[in-house]
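Novice: One file is attached below, start-v7.csv, containing CSV, C-alpha atoms and all ligand atoms.
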chain,number,residue,atom,x,y,z
A,1362,MET,CA,-15.4,-19.1,-13.5
A,1363,VAL,CA,-17.8,-17.2,-15.6
A,1364,LEU,CA,-16.4,-14.0,-14.2
A,1365,ARG,CA,-12.9,-15.1,-15.0
A,1366,LEU,CA,-13.8,-15.7,-18.6
A,1367,ALA,CA,-15.5,-12.3,-18.7
A,1368,PHE,CA,-12.3,-10.6,-17.5
A,1369,ALA,CA,-10.3,-12.5,-20.0
A,1370,THR,CA,-12.5,-11.2,-22.8
A,1371,ILE,CA,-12.1,-7.6,-21.5
A,1372,ALA,CA,-8.4,-8.1,-21.2
A,1373,ALA,CA,-8.1,-9.1,-24.8
A,1374,LEU,CA,-9.5,-5.8,-25.8
A,1375,VAL,CA,-7.2,-3.7,-23.7
A,1376,SER,CA,-3.8,-2.8,-25.0
A,1377,LEU,CA,-0.9,-4.1,-22.9
A,1378,ALA,CA,0.7,-0.7,-23.4
A,1379,SER,CA,-2.0,1.2,-21.5
A,1380,ALA,CA,-0.6,3.3,-18.8
A,1381,HIS,CA,-1.4,2.9,-15.1
A,1382,GLY,CA,-0.3,-0.3,-13.2
A,1383,GLY,CA,-0.8,-3.2,-10.8
A,1384,VAL,CA,1.1,-5.5,-8.4
A,1385,GLY,CA,2.5,-8.5,-10.3
A,1386,VAL,CA,4.8,-10.2,-7.8
A,1387,TYR,CA,5.1,-10.4,-4.0
A,1388,THR,CA,8.2,-11.4,-2.2
A,1389,MET,CA,8.2,-12.6,1.5
A,1390,GLU,CA,10.4,-14.9,3.5
A,1391,GLY,CA,12.8,-15.0,0.5
A,1392,LYS,CA,10.2,-16.5,-1.7
A,1393,GLU,CA,8.6,-14.9,-4.8
A,1394,TYR,CA,4.9,-15.3,-5.4
A,1395,ASP,CA,3.4,-14.5,-8.8
A,1396,GLY,CA,0.5,-12.1,-8.6
A,1397,TRP,CA,-2.6,-12.2,-10.9
A,1398,GLN,CA,-1.6,-11.6,-14.5
A,1399,PRO,CA,-4.6,-9.7,-15.8
A,1400,TYR,CA,-3.5,-9.8,-19.4
A,1401,ASN,CA,-2.9,-13.5,-19.5
A,1402,SER,CA,-5.9,-15.8,-19.9
A,1403,ALA,CA,-7.7,-16.0,-16.6
A,1404,ASP,CA,-8.6,-19.6,-17.2
A,1405,GLY,CA,-6.7,-21.9,-14.9
A,1406,GLN,CA,-4.6,-19.1,-13.4
A,1407,VAL,CA,-3.7,-19.6,-9.7
A,1408,SER,CA,-2.1,-16.9,-7.6
A,1409,ILE,CA,-2.0,-15.5,-4.1
A,1410,GLU,CA,-3.4,-12.3,-5.5
A,1411,ARG,CA,-7.1,-11.9,-6.2
A,1412,GLN,CA,-8.1,-11.7,-9.8
A,1413,TYR,CA,-8.3,-8.1,-11.2
A,1414,PRO,CA,-9.2,-7.0,-14.6
A,1415,GLY,CA,-6.3,-4.9,-15.7
A,1416,TYR,CA,-4.1,-1.8,-15.0
A,1417,ASN,CA,-6.8,0.8,-15.3
A,1418,PRO,CA,-7.8,2.8,-12.3
A,1419,LEU,CA,-10.9,3.1,-10.2
A,1420,LEU,CA,-12.4,6.6,-10.2
A,1421,LEU,CA,-14.6,8.6,-7.9
A,1422,ALA,CA,-17.7,6.9,-9.2
A,1423,ASP,CA,-16.2,3.6,-8.0
A,1424,LEU,CA,-15.8,4.6,-4.4
A,1425,THR,CA,-19.2,3.2,-3.5
A,1426,THR,CA,-18.8,0.0,-5.4
A,1427,VAL,CA,-17.5,-3.4,-4.3
A,1428,ASN,CA,-14.7,-3.0,-6.8
A,1429,LEU,CA,-13.0,-0.6,-4.4
A,1430,ARG,CA,-12.2,-3.5,-2.2
A,1431,CYS,CA,-9.9,-5.7,-4.3
A,1432,ASN,CA,-10.4,-4.3,-7.8
A,1433,ASN,CA,-13.0,-6.9,-8.7
A,1434,PRO,CA,-16.7,-7.5,-8.1
A,1435,GLY,CA,-16.3,-9.4,-4.8
A,1436,LEU,CA,-14.5,-12.4,-6.1
A,1437,THR,CA,-12.8,-15.0,-3.8
A,1438,GLY,CA,-9.4,-16.7,-4.1
A,1439,THR,CA,-7.8,-19.2,-6.5
A,1440,GLY,CA,-6.6,-21.6,-3.8
A,1441,VAL,CA,-3.2,-20.4,-2.6
A,1442,SER,CA,-1.8,-18.1,0.1
A,1443,ALA,CA,1.7,-16.9,1.0
A,1444,THR,CA,3.2,-17.5,4.4
A,1445,VAL,CA,4.9,-14.6,6.3
A,1446,LYS,CA,6.0,-14.2,9.9
A,1447,ALA,CA,4.6,-11.2,11.8
A,1448,GLY,CA,7.4,-8.6,12.0
A,1449,ASP,CA,8.8,-9.7,8.6
A,1450,THR,CA,8.5,-7.8,5.3
A,1451,ILE,CA,6.4,-8.0,2.3
A,1452,LEU,CA,7.8,-6.6,-0.9
A,1453,ALA,CA,5.1,-5.8,-3.5
A,1454,HIS,CA,6.4,-5.4,-7.1
A,1455,TRP,CA,4.3,-3.5,-9.6
A,1456,THR,CA,4.5,-4.8,-13.2
A,1457,GLN,CA,4.3,-1.2,-14.3
A,1458,TRP,CA,3.6,2.2,-12.7
A,1459,THR,CA,3.7,5.5,-14.4
A,1460,HIS,CA,2.0,8.2,-12.3
A,1461,ARG,CA,3.6,10.9,-10.2
A,1462,PRO,CA,2.3,12.0,-7.7
A,1463,ALA,CA,0.7,9.2,-5.8
A,1464,SER,CA,0.2,7.9,-2.3
A,1465,VAL,CA,0.8,4.3,-1.1
A,1466,LEU,CA,-1.6,2.6,1.3
A,1467,VAL,CA,-1.5,-0.9,2.7
A,1468,TYR,CA,-4.3,-2.6,4.6
A,1469,LEU,CA,-4.9,-6.0,6.2
A,1470,ALA,CA,-8.1,-7.8,7.0
A,1471,LYS,CA,-8.4,-10.9,9.2
A,1472,CYS,CA,-10.2,-13.7,7.3
A,1473,PRO,CA,-12.9,-15.6,9.0
A,1474,ALA,CA,-12.3,-19.0,10.6
A,1475,ALA,CA,-13.0,-20.8,7.3
A,1476,GLY,CA,-10.0,-19.0,5.8
A,1477,CYS,CA,-9.3,-16.4,3.2
A,1478,ASN,CA,-9.9,-18.4,0.0
A,1479,SER,CA,-13.7,-18.5,0.3
A,1480,TRP,CA,-14.1,-15.0,1.7
A,1481,ASP,CA,-14.7,-11.8,-0.3
A,1482,GLY,CA,-13.3,-9.3,2.2
A,1483,SER,CA,-16.7,-7.8,3.1
A,1484,GLY,CA,-17.5,-6.1,6.4
A,1485,THR,CA,-15.8,-3.5,8.6
A,1486,VAL,CA,-12.7,-5.5,8.9
A,1487,TRP,CA,-9.9,-3.6,7.1
A,1488,PHE,CA,-7.1,-1.8,9.0
A,1489,LYS,CA,-4.2,0.2,7.6
A,1490,ILE,CA,-0.6,-1.0,8.4
A,1491,ASP,CA,1.3,1.4,6.2
A,1492,GLN,CA,0.8,4.6,4.3
A,1493,ALA,CA,2.9,7.4,2.8
A,1494,GLY,CA,1.8,10.3,0.7
A,1495,LEU,CA,3.6,13.7,0.2
A,1496,ILE,CA,7.2,13.1,1.5
A,1497,SER,CA,8.7,16.6,1.0
A,1498,GLY,CA,8.1,19.8,-0.9
A,1499,THR,CA,4.8,21.1,-2.1
A,1500,GLN,CA,1.9,19.0,-3.2
A,1501,ASN,CA,2.4,20.2,-6.8
A,1502,ALA,CA,6.1,19.9,-7.1
A,1503,GLY,CA,7.3,17.8,-4.2
A,1504,ILE,CA,8.4,14.2,-3.7
A,1505,TRP,CA,5.6,11.7,-3.2
A,1506,ALA,CA,5.8,8.1,-1.9
A,1507,GLY,CA,4.6,6.8,-5.2
A,1508,ASP,CA,7.7,8.2,-6.9
A,1509,GLN,CA,9.6,5.3,-5.3
A,1510,ILE,CA,7.3,2.9,-7.2
A,1511,THR,CA,7.7,4.9,-10.4
A,1512,ASP,CA,11.5,4.5,-9.9
A,1513,THR,CA,11.8,1.0,-8.5
A,1514,LEU,CA,8.4,-0.6,-9.0
A,1515,ASN,CA,8.8,-1.8,-5.4
A,1516,TRP,CA,7.3,-1.1,-2.0
A,1517,THR,CA,8.2,-2.9,1.2
A,1518,THR,CA,5.9,-3.1,4.2
A,1519,THR,CA,6.5,-4.8,7.5
A,1520,VAL,CA,3.8,-7.0,9.0
A,1521,PRO,CA,3.2,-5.6,12.5
A,1522,ALA,CA,5.3,-7.8,14.8
A,1523,SER,CA,2.5,-8.0,17.4
A,1524,LEU,CA,-0.2,-9.1,15.0
A,1525,THR,CA,-2.2,-12.2,16.0
A,1526,PRO,CA,-1.3,-15.1,13.6
A,1527,GLY,CA,-3.9,-16.3,11.2
A,1528,GLU,CA,-5.1,-15.8,7.6
A,1529,TYR,CA,-5.3,-12.3,6.3
A,1530,LEU,CA,-6.0,-10.5,3.1
A,1531,ILE,CA,-3.5,-7.7,2.3
A,1532,ARG,CA,-4.7,-4.8,0.2
A,1533,HIS,CA,-2.1,-2.6,-1.6
A,1534,GLU,CA,-3.4,0.6,-3.0
A,1535,LEU,CA,-2.0,3.5,-5.0
A,1536,ILE,CA,-3.9,6.7,-5.1
A,1537,ALA,CA,-2.7,8.8,-8.0
A,1538,VAL,CA,-3.6,12.5,-8.0
A,1539,HIS,CA,-1.9,13.8,-11.2
A,1540,GLN,CA,-5.2,14.8,-12.7
A,1541,ALA,CA,-7.1,17.7,-11.1
A,1542,ASN,CA,-10.2,16.5,-9.3
A,1543,ASN,CA,-10.0,13.1,-10.8
A,1544,PRO,CA,-8.1,10.8,-8.3
A,1545,GLN,CA,-7.3,7.3,-9.6
A,1546,LEU,CA,-7.3,4.4,-7.2
A,1547,TYR,CA,-5.4,1.1,-7.8
A,1548,PRO,CA,-6.2,-1.5,-5.2
A,1549,GLU,CA,-5.3,-5.2,-5.3
A,1550,CYS,CA,-5.5,-7.9,-2.6
A,1551,ALA,CA,-3.6,-11.1,-1.9
A,1552,GLN,CA,-3.9,-13.9,0.6
A,1553,LEU,CA,-1.5,-14.4,3.5
A,1554,ILE,CA,-1.0,-16.8,6.3
A,1555,VAL,CA,0.6,-14.8,9.1
A,1556,THR,CA,2.7,-16.9,11.6
A,1557,GLY,CA,4.3,-15.8,14.9
A,1558,ALA,CA,3.3,-15.5,18.5
A,1559,GLY,CA,1.6,-12.1,18.4
A,1560,THR,CA,-1.6,-11.5,20.3
A,1561,ALA,CA,-2.6,-8.0,19.1
A,1562,SER,CA,-5.3,-6.9,16.8
A,1563,PRO,CA,-6.7,-3.5,16.1
A,1564,ASP,CA,-9.7,-2.2,18.0
A,1565,SER,CA,-12.7,-1.1,16.1
A,1566,SER,CA,-11.6,2.5,15.8
A,1567,TYR,CA,-9.0,1.4,13.2
A,1568,LEU,CA,-11.4,-0.8,11.1
A,1569,VAL,CA,-13.1,0.3,7.9
A,1570,ALA,CA,-15.1,-1.4,5.1
A,1571,PHE,CA,-14.5,-1.3,1.3
A,1572,PRO,CA,-16.7,0.3,0.0
A,1573,GLY,CA,-17.3,2.8,2.8
A,1574,ALA,CA,-13.8,3.9,3.9
A,1575,TYR,CA,-13.6,6.7,1.4
A,1576,SER,CA,-15.8,9.5,0.3
A,1577,ALA,CA,-15.5,11.8,-2.7
A,1578,SER,CA,-15.3,14.7,-0.2
A,1579,ASP,CA,-12.2,13.4,1.6
A,1580,PRO,CA,-9.5,16.0,1.4
A,1581,GLY,CA,-7.1,13.7,-0.4
A,1582,LEU,CA,-9.7,12.8,-3.0
A,1583,ASP,CA,-11.5,16.1,-3.5
A,1584,PHE,CA,-8.1,17.4,-4.6
A,1585,ASN,CA,-6.7,19.6,-7.3
A,1586,ILE,CA,-3.0,19.2,-7.9
A,1587,ASP,CA,-3.0,22.3,-10.1
A,1588,SER,CA,-4.8,24.6,-7.6
A,1589,PRO,CA,-3.0,27.6,-6.1
A,1590,SER,CA,-3.1,26.0,-2.7
A,1591,ALA,CA,-1.3,22.9,-4.1
A,1592,MET,CA,1.5,25.1,-5.2
A,1593,THR,CA,2.3,26.0,-1.6
A,1594,ALA,CA,0.8,23.2,0.7
A,1595,THR,CA,3.4,20.9,2.1
A,1596,THR,CA,1.1,18.3,3.6
A,1597,TYR,CA,-1.5,16.0,2.0
A,1598,THR,CA,-4.2,14.1,3.9
A,1599,ILE,CA,-4.1,10.5,2.9
A,1600,PRO,CA,-7.6,9.0,2.7
A,1601,GLY,CA,-8.8,6.3,5.1
A,1602,PRO,CA,-8.2,5.5,8.8
A,1603,SER,CA,-5.1,6.1,10.9
A,1604,VAL,CA,-2.4,3.5,10.6
A,1605,TRP,CA,-2.8,0.8,13.3
A,1606,PRO,CA,0.3,1.3,15.5
A,1607,GLY,CA,0.6,-2.4,15.9
A,1608,SER,CA,0.1,-2.9,19.6
A,1609,GLY,CA,-2.9,-3.9,21.5
A,1610,ALA,CA,-2.8,-0.7,23.5
A,1611,GLY,CA,-4.8,1.3,21.0
A,1612,ASN,CA,-2.5,4.3,21.2
A,1613,GLY,CA,-2.4,6.6,18.2
A,1614,GLY,CA,-6.2,6.8,18.5
A,1615,ALA,CA,-5.9,10.6,18.2
A,1616,GLY,CA,-6.0,10.2,14.4
A,1617,THR,CA,-9.0,11.7,12.9
A,1618,GLY,CA,-9.0,10.3,9.4
A,1619,GLY,CA,-5.8,9.9,7.6
A,1620,THR,CA,-2.6,11.3,9.0
A,1621,GLY,CA,-0.8,14.0,7.2
A,1622,GLY,CA,2.4,13.7,5.1
A,1623,ALA,CA,4.9,14.0,7.9
A,1624,ALA,CA,3.4,11.6,10.3
A,1625,SER,CA,2.7,9.0,7.6
A,1626,SER,CA,6.1,9.2,6.0
A,1627,ALA,CA,7.7,8.9,9.5
A,1628,ALA,CA,5.7,5.7,9.9
A,1629,HIS,CA,7.0,4.4,6.7
A,1630,THR,CA,10.6,5.4,7.4
A,1631,THR,CA,10.3,3.4,10.6
A,1632,LEU,CA,9.3,0.4,8.5
A,1633,ALA,CA,12.0,0.9,6.0
A,1634,THR,CA,14.6,1.1,8.8
A,1635,ALA,CA,13.2,-2.1,10.2
A,1636,VAL,CA,13.7,-3.8,6.8
A,1637,LYS,CA,17.4,-3.1,6.9
A,1638,SER,CA,17.8,-4.6,10.4
A,1639,SER,CA,17.4,-8.3,11.0
A,1640,SER,CA,15.0,-7.7,13.9
A,1641,ALA,CA,13.1,-5.0,15.7
A,1642,ALA,CA,15.4,-5.6,18.6
A,1643,ALA,CA,18.4,-4.6,16.5
A,1644,VAL,CA,16.6,-1.4,15.6
A,1645,ALA,CA,16.0,-0.6,19.3
A,1646,SER,CA,19.5,-1.3,20.4
A,1647,SER,CA,21.1,0.8,17.7
A,1648,ALA,CA,18.6,3.5,18.5
A,1649,ALA,CA,19.7,3.7,22.1
A,1650,ALA,CA,23.4,3.7,21.2
A,1651,CYS,CA,23.8,6.6,18.8
A,1652,ALA,CA,23.8,10.4,18.9
A,1653,ALA,CA,20.7,11.8,17.3
A,1654,VAL,CA,21.2,13.3,13.8
A,1655,VAL,CA,20.5,17.1,13.6
A,1656,LYS,CA,17.7,18.5,11.6
A,1657,PHE,CA,18.4,18.2,7.8
A,1658,GLY,CA,21.1,15.6,8.4
A,1659,GLN,CA,21.0,12.2,6.7
A,1660,CYS,CA,19.4,9.5,8.8
A,1661,GLY,CA,18.9,6.6,6.4
A,1662,GLY,CA,19.5,5.1,3.0
A,1663,SER,CA,20.6,1.8,1.6
A,1664,THR,CA,24.3,2.6,1.9
A,1665,TYR,CA,24.0,4.7,5.1
A,1666,SER,CA,25.3,3.1,8.3
A,1667,GLY,CA,25.0,6.0,10.7
A,1668,CYS,CA,22.5,6.9,13.4
A,1669,THR,CA,18.9,6.6,12.3
A,1670,ILE,CA,17.4,8.7,15.1
A,1671,CYS,CA,16.6,12.4,14.5
A,1672,ALA,CA,17.0,15.2,17.0
A,1673,SER,CA,13.7,16.0,18.7
A,1674,GLY,CA,11.6,18.2,16.6
A,1675,SER,CA,12.5,16.4,13.4
A,1676,THR,CA,11.5,13.1,11.8
A,1677,CYS,CA,13.5,10.8,9.7
A,1678,THR,CA,11.9,11.1,6.3
A,1679,LYS,CA,12.6,8.9,3.3
A,1680,SER,CA,13.4,10.7,0.1
A,1681,SER,CA,14.5,7.6,-1.9
A,1682,ASP,CA,15.9,4.2,-1.2
A,1683,PHE,CA,19.3,5.9,-0.9
A,1684,TYR,CA,18.6,8.9,1.2
A,1685,SER,CA,16.5,9.7,4.3
A,1686,GLN,CA,16.7,13.1,5.9
A,1687,CYS,CA,15.8,14.5,9.3
A,1688,LEU,CA,13.0,17.0,8.5
A,1701,LIG,C1,12.3,-4.8,-6.9
A,1701,LIG,O1,11.9,-6.1,-6.5
A,1701,LIG,C2,12.3,-7.2,-7.3
A,1701,LIG,C3,11.7,-8.4,-6.8
A,1701,LIG,O2,10.4,-8.5,-7.3
A,1701,LIG,C4,13.8,-7.2,-7.3
A,1701,LIG,O3,14.3,-8.3,-8.1
A,1701,LIG,C5,14.4,-5.9,-7.7
A,1701,LIG,O4,15.8,-5.9,-7.6
A,1701,LIG,C6,13.8,-4.8,-6.9
A,1701,LIG,N1,14.3,-3.5,-7.5
A,1701,LIG,C7,14.8,-2.5,-6.8
A,1701,LIG,C8,15.2,-1.3,-7.6
A,1701,LIG,O5,15.0,-2.6,-5.6
A,1702,CU,CU,-3.0,5.7,-15.2
As structure tokens, what does this structure read like?
Ligand SMILES: *[C@@H]1O[C@H](CO)[C@@H](O)[C@H](O)[C@H]1NC(C)=O
Ligand SMILES: [Cu+2]

Specialist:
Amino acid sequence: MVLRLAFATIAALVSLASAHGGVGVYTMEGKEYDGWQPYNSADGQVSIERQYPGYNPLLLADLTTVNLRCNNPGLTGTGVSATVKAGDTILAHWTQWTHRPASVLVYLAKCPAAGCNSWDGSGTVWFKIDQAGLISGTQNAGIWAGDQITDTLNWTTTVPASLTPGEYLIRHELIAVHQANNPQLYPECAQLIVTGAGTASPDSSYLVAFPGAYSASDPGLDFNIDSPSAMTATTYTIPGPSVWPGSGAGNGGAGTGGTGGAASSAAHTTLATAVKSSSAAAVASSAAACAAVVKFGQCGGSTYSGCTICASGSTCTKSSDFYSQCL
């Protein structure tokens, strides 16, 4: 309570018009959940989202602090969680977001037996379920995943269908790299109750701690968007572990650190495709029934109804909500 009041005081000093951003609403199972409202009085606020102080970023100096976990000094919950079935989607809606270019990263952590609300998310417990960075073009001038949030304020993630039910924290994070050698990190956490009949959980090779998961020397953080190499490089290494592929088999363990742009955007395209279908089974059956789209052909988009499978050697890559292309 003392900390909440402290945040409220800080918030009163910060202009609402400051740039940057934060998640303000979550939608799952057709239900909207208000997130933490950092510029409202903290006193008495209840939300599935953990309290955070405002829309300002964390910087390299914060990588070793507990703030990196949920954008607060290790606070616990305000008493409520959202319910979502494994395999269903979570839409995070940012109240505002201004920076291009940026990457989008989404993590989960299984809460201890006592539940999420009294837990601060400490330990080597976090695994990545979604990420996307540079989608196409060069680092300096290309399309980045965060552009979608600049344009729509929304990002949709699928809870791995095989995930063991239980209480989880979800951690959305944007990493903006518009300033040379000064990455800005925007993490926020929320409390979930995952239902379903899954039995899988990530093995330890996918688990990281916050702080601990990132280092200032990670290629995606020790990064200069204005450097000569950024004018030509067409991949970007997203910080953190590989995305958990969502089975118990532990495949995909080849990942050494974050996967590059192509692999990660492919992963997200898969998720986006799943969003449009009512079930994973529907995706699988349509996949088997259509003729693969040739390289550079359209393979997705909100008004697209054709085949979503790309010819071998190319990957369906989302450019916007309305257009995905085999690249
Ligand atoms: C973004 O999500 C909100 C729900 O929070 C929804 O009302 C809105 O239509 C979405 N916007 C776009 C462009 O998809
Ligand atoms: Cu900013």

Novice: Residues near A:Ala1537, anyone? I mean within 9 Å using only C-alpha atoms, not counting same-chain ones fewer than 6 positions away, as a PyMOL selection string.

Specialist: chain A and resi 1418+1460-1465+1507+1543-1547

Novice: Give me the residues near A:Gln1398 as a list in words, where near means some atom within 10 Å (using only C-alpha atoms) and where sequence neighbours in that chain fewer than 3 positions away do not count.

Specialist: Gly1383, Val1384, Gly1385, Val1386, Asp1395, Asn1401, Ser1402, Ala1403, Gln1406, Val1407, Ser1408, Glu1410, Arg1411, Gln1412, Tyr1413, Pro1414, Gly1415 and Thr1456 of chain A

Novice: Using all atoms listed in the file, find the one residue out of A:Cys1677, A:Leu1466, A:Cys1550, A:Leu1568 that sits nearest to A:Asn1433.

Specialist: A:Cys1550

Novice: So which residues touch stretch 1510-1513 of chain A within 9 Å, counting all atoms listed in the file, skipping near sequence neighbours fewer than 3 positions away, as a list in words?

Specialist: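 Neighbouring residues, sequence-local ones excluded: His1454, Trp1455, Gln1457, Trp1458, Thr1459, His1460, Arg1461, Ala1506, Gly1507, Trp1516 and Asp1682 of chain A.
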
Novice: I'd like to know which of A:Thr1525, A:Gly1484, A:Val1569, A:Gln1500 is closest to A:Phe1584, using all atoms listed in the file.

Specialist: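 Between A:Thr1525, A:Gly1484, A:Val1569, A:Gln1500, the residue approaching A:Phe1584 most closely is A:Gln1500.
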
Novice: For stretch 1588-1600 of chain A, list every protein, DNA or RNA residue within 9 Å, evaluated using only C-alpha atoms, and leave out those in the same chain fewer than 2 positions away; present the list as a PyMOL selection string.

Specialist: chain A and resi 1464-1466+1492-1503+1536+1541+1574-1576+1579-1582+1584-1586+1602+1618-1623+1625

Novice: Using atom CA of A:Thr1388 and atom CA of A:Tyr1567 as the two end points, give the distance in Å to one decimal.

Specialist: 26.4 Å

Novice: Taking into account all atoms listed in the file, which residue in the set A:Leu1419, A:Ala1443, A:Met1389, A:Ile1670 is nearest to ligand LIG 1701 (chain A)?

Specialist: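 Among the listed residues, A:Met1389 lies closest to ligand LIG 1701 (chain A).
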
Novice: Name all residues at most 6 Å from A:Leu1469 (count only C-alpha atoms; drop same-chain ones fewer than 6 positions away) and give them as JSON, numbers by chain.

Specialist: {"A": [1487, 1488, 1530, 1531]}

Novice: I'd like to know which of A:Val1555, A:Val1520, A:Val1538, A:Val1445 is closest to ligand CU 1702 (chain A), using only C-alpha atoms and all ligand atoms.

Specialist: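 Going through A:Val1555, A:Val1520, A:Val1538, A:Val1445 one by one, the smallest distance to ligand CU 1702 (chain A) is for A:Val1538.
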
Novice: Considering all atoms listed in the file, can you say which of A:Ile1504, A:Leu1436, A:Cys1687, A:Leu1514 comes closest to ligand LIG 1701 (chain A)?

Specialist: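 Of all the options, A:Leu1514 lies closest to ligand LIG 1701 (chain A).
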